[in-house]
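Structure record follows, encoded as structure tokens.
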Amino acid sequence: MLVLVAPGQGAQTPGFLTPWLELPGAADRIAAWSDAIGLDLVHYGTKADADEIRDTAVAQPLLVAAGLLSAAALGEVTPGVVAGHSVGEFTAAAFAGVLGDEDALRLVRTRGLAMADAAAVTATGMSALLGGDPEVTVPYLEKLGLTAANVNGAGQIVAAGTLEQLAALEADKPEGVRRVVALKVAGAFHTHHMAPAVAKLEEAARLLSPAAPVTRYVSNKDGQVVTDGAEVVARLVGQVANPVRWDLCMETFQALGAKALIEVCPGGTLTGIAKRALPGVATVALKTPDDLDAARTLIAEHAAV
């Protein structure tokens with residue numbers, strides 16, 4: 001059984017979209033999406049520097065567009081499960097047929113702008129903790145006033161909060177944590193700091209007519225398969241201010257019999273976690289079009305069930 005996943009914010013790097021635009025029809029598709037959401041995705045995906053694409057309002061639609069473009073380049077794909085990490089859930093919702101590509105991009109554009117506004121209220125950020133025991137780490141973070149905003153599995157937790165709280169964490173790490181690495185994001189996502197963004201996203205979501213998923217859709221909220229389109233969208237909205245439980249998503253992949261996992265562009269983060277947490281599951285990360293052949297081979301070997 002094949003799982004198709006989409007990465008979250010922080011996976012972007014300067015120029016990562018450049019080779020994808022050389023594929024037939026790709027530049028036209030990105031140009032149309034740019035017009036639809038009022039954002040020059042070509043510029044930000046090819047010429048913008050790291051600081052420009054760190055902007056939440058830019059990074060989020062750029063990541064969703066890249067995921068959709070790279071998945072389309074695979075050709076006919078029928079995964080058994082789709083999921084996305086954080087903003088990658090919008091990409092996954094389009095994979096599952098819950099939202100059309102343009103609707104997903106318009107909604108995520110609203111999300112990015114709303115979260116950027118929320119992040120501007122207080123200086124906040126996120127840091128990945130490498131190593132450690134979650135049963136020790138999570139209570140430690142709570143004592144510092146931080147939130148375990150991403151519980152990714154394979155020993156990785158991402159803490160979120162004010163820059164002062166994160167500095168205190170780096171200065172005095174929990175027992176067993178080897179490193180604390182600041183992430184390329186502009187706010188404390190998936191925490192109470194993002195509560196103002198939820199109302200704006202709810203308003204935008206009311207204009208949509210979501211369809212039932214045509215593929216099993218696994219939610220970040222609790223790792224459960226969601227079968228109702230309106231519920232998928234409601235979870236997309238609420239997830240902005242609540243922790244991502246990628247560990248539970250992977251448990252569901254395993255329970256459903258996952259044998260292969262493809263991560264769409266800009267791939268690497270989720271396949272890295274899967275290699276540690278899902279032994280025996282074959283993985284391919286789509287970083288450039290050079291990775292398409294390996295992904296197509298994996299698709300041919302693992303029919304949807």
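We name chains A, B, ... following the order of the structure tokens; residues begin at 1 in each chain, and ligands are numbered from 1 as shown.
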Which residues of segment 28-112 of chain A have any atom within 10 Å of an atom in segment 253-277 of chain A when counting only C-alpha atoms, and what is the closest pair of atoms for each, with the distance in Å to one decimal? Order the rows by chain and rising number and write it as a Markdown table.
| residue | atom | partner | partner_atom | distance |
| --- | --- | --- | --- | --- |
| A:Leu63 | CA | A:Pro266 | CA | 7.4 |
| A:Val64 | CA | A:Cys265 | CA | 9.0 |
| A:Ala65 | CA | A:Cys265 | CA | 9.2 |
| A:Ala66 | CA | A:Cys265 | CA | 5.8 |
| A:Gly67 | CA | A:Cys265 | CA | 5.1 |
| A:Leu68 | CA | A:Val264 | CA | 7.9 |
| A:Leu69 | CA | A:Cys265 | CA | 8.2 |
| A:Ser70 | CA | A:Cys265 | CA | 5.9 |
| A:Ala71 | CA | A:Val264 | CA | 6.2 |
| A:Ala72 | CA | A:Val264 | CA | 9.9 |
| A:Leu74 | CA | A:Val264 | CA | 9.7 |
| A:Pro79 | CA | A:Leu261 | CA | 9.2 |
| A:Gly80 | CA | A:Ala258 | CA | 8.3 |
| A:Val81 | CA | A:Phe253 | CA | 7.6 |
| A:Val82 | CA | A:Phe253 | CA | 9.4 |
| A:Ala83 | CA | A:Phe253 | CA | 9.5 |
| A:Gly84 | CA | A:Glu263 | CA | 9.1 |
| A:His85 | CA | A:Leu270 | CA | 8.1 |
| A:Gly88 | CA | A:Val264 | CA | 9.6 |
| A:Thr91 | CA | A:Val264 | CA | 9.4 |
Next on the checklist: Using only C-alpha atoms, which protein or nucleic acid residues come within 9 Å of segment 179-196 of chain A? Drop anything in the same chain fewer than 5 positions from it, and give the result as number ranges by chain.
Outcome noted: A: 9-12, 50-51, 54-56, 59, 86, 114-131, 146-150, 158-162, 166, 169-170, 173, 238-244
Checklist entry - Among segment 98-275 of chain A, which ones does DSSP place in strand (DSSP E), written as number ranges by chain? => result A: 124-131, 147-153, 156-162, 177-182, 216-218, 225-226, 260-263
Item to check | DSSP helix (DSSP H, G or I) residues within segment 53-91 of chain A, listed as a ChimeraX atom specification | outcome: /A:53-54,56-73,88-91
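Among A:Thr215, A:Val42, A:Asp247, A:Gln224, the residue with the shortest atom-to-atom distance to Pro134 of chain A, counting only C-alpha atoms, is A:Asp247.
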Item to check | Separation of atom CA of Thr18 of chain A from atom CA of His43 of chain A in Å | outcome: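 That distance, rounded to one decimal, is 9.6 Å.
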Checklist entry - Do you have the atom CA of Pro174 of chain A-atom CA of Val151 of chain A distance handy? => result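 Those two atoms sit 15.5 Å apart.
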Checklist outcome for this item: Across A:Ala31, A:Ala96, A:Val177, A:Ala104, the smallest distance to Asp133 of chain A, with only C-alpha atoms counted, is shown by A:Val177
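Shortest atom-to-atom contact with Pro61 of chain A among A:Ala73, A:Leu23, A:Val98, A:Leu105: A:Leu105, counting only C-alpha atoms.
Summary of the local environment: counting only C-alpha atoms, residues at most 8 Å from Phe16 of chain A, other than itself and those fewer than 2 positions away along its chain, are Gln12, Thr13, Pro14, Thr18, Pro19, Gly45, Thr46, Pro266, Lys287 and Thr288 of chain A.
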Checklist entry - Using only C-alpha atoms, which of the listed residues (A:Val225, A:Leu292, A:Leu207, A:Val87) sits closest to Arg111 of chain A? => result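 Using only C-alpha atoms, Arg111 of chain A sits closest to A:Val87.
Using only C-alpha atoms for every distance, the candidate list A:Tyr140, A:Phe95, A:Phe90, A:Tyr44 yields A:Phe95 as the residue closest to Val3 of chain A.
Among the candidate residues A:Ser34, A:Asn220, A:Thr137, A:Thr227, the one lying nearest to Val5 of chain A is A:Asn220, with distances computed using only C-alpha atoms.
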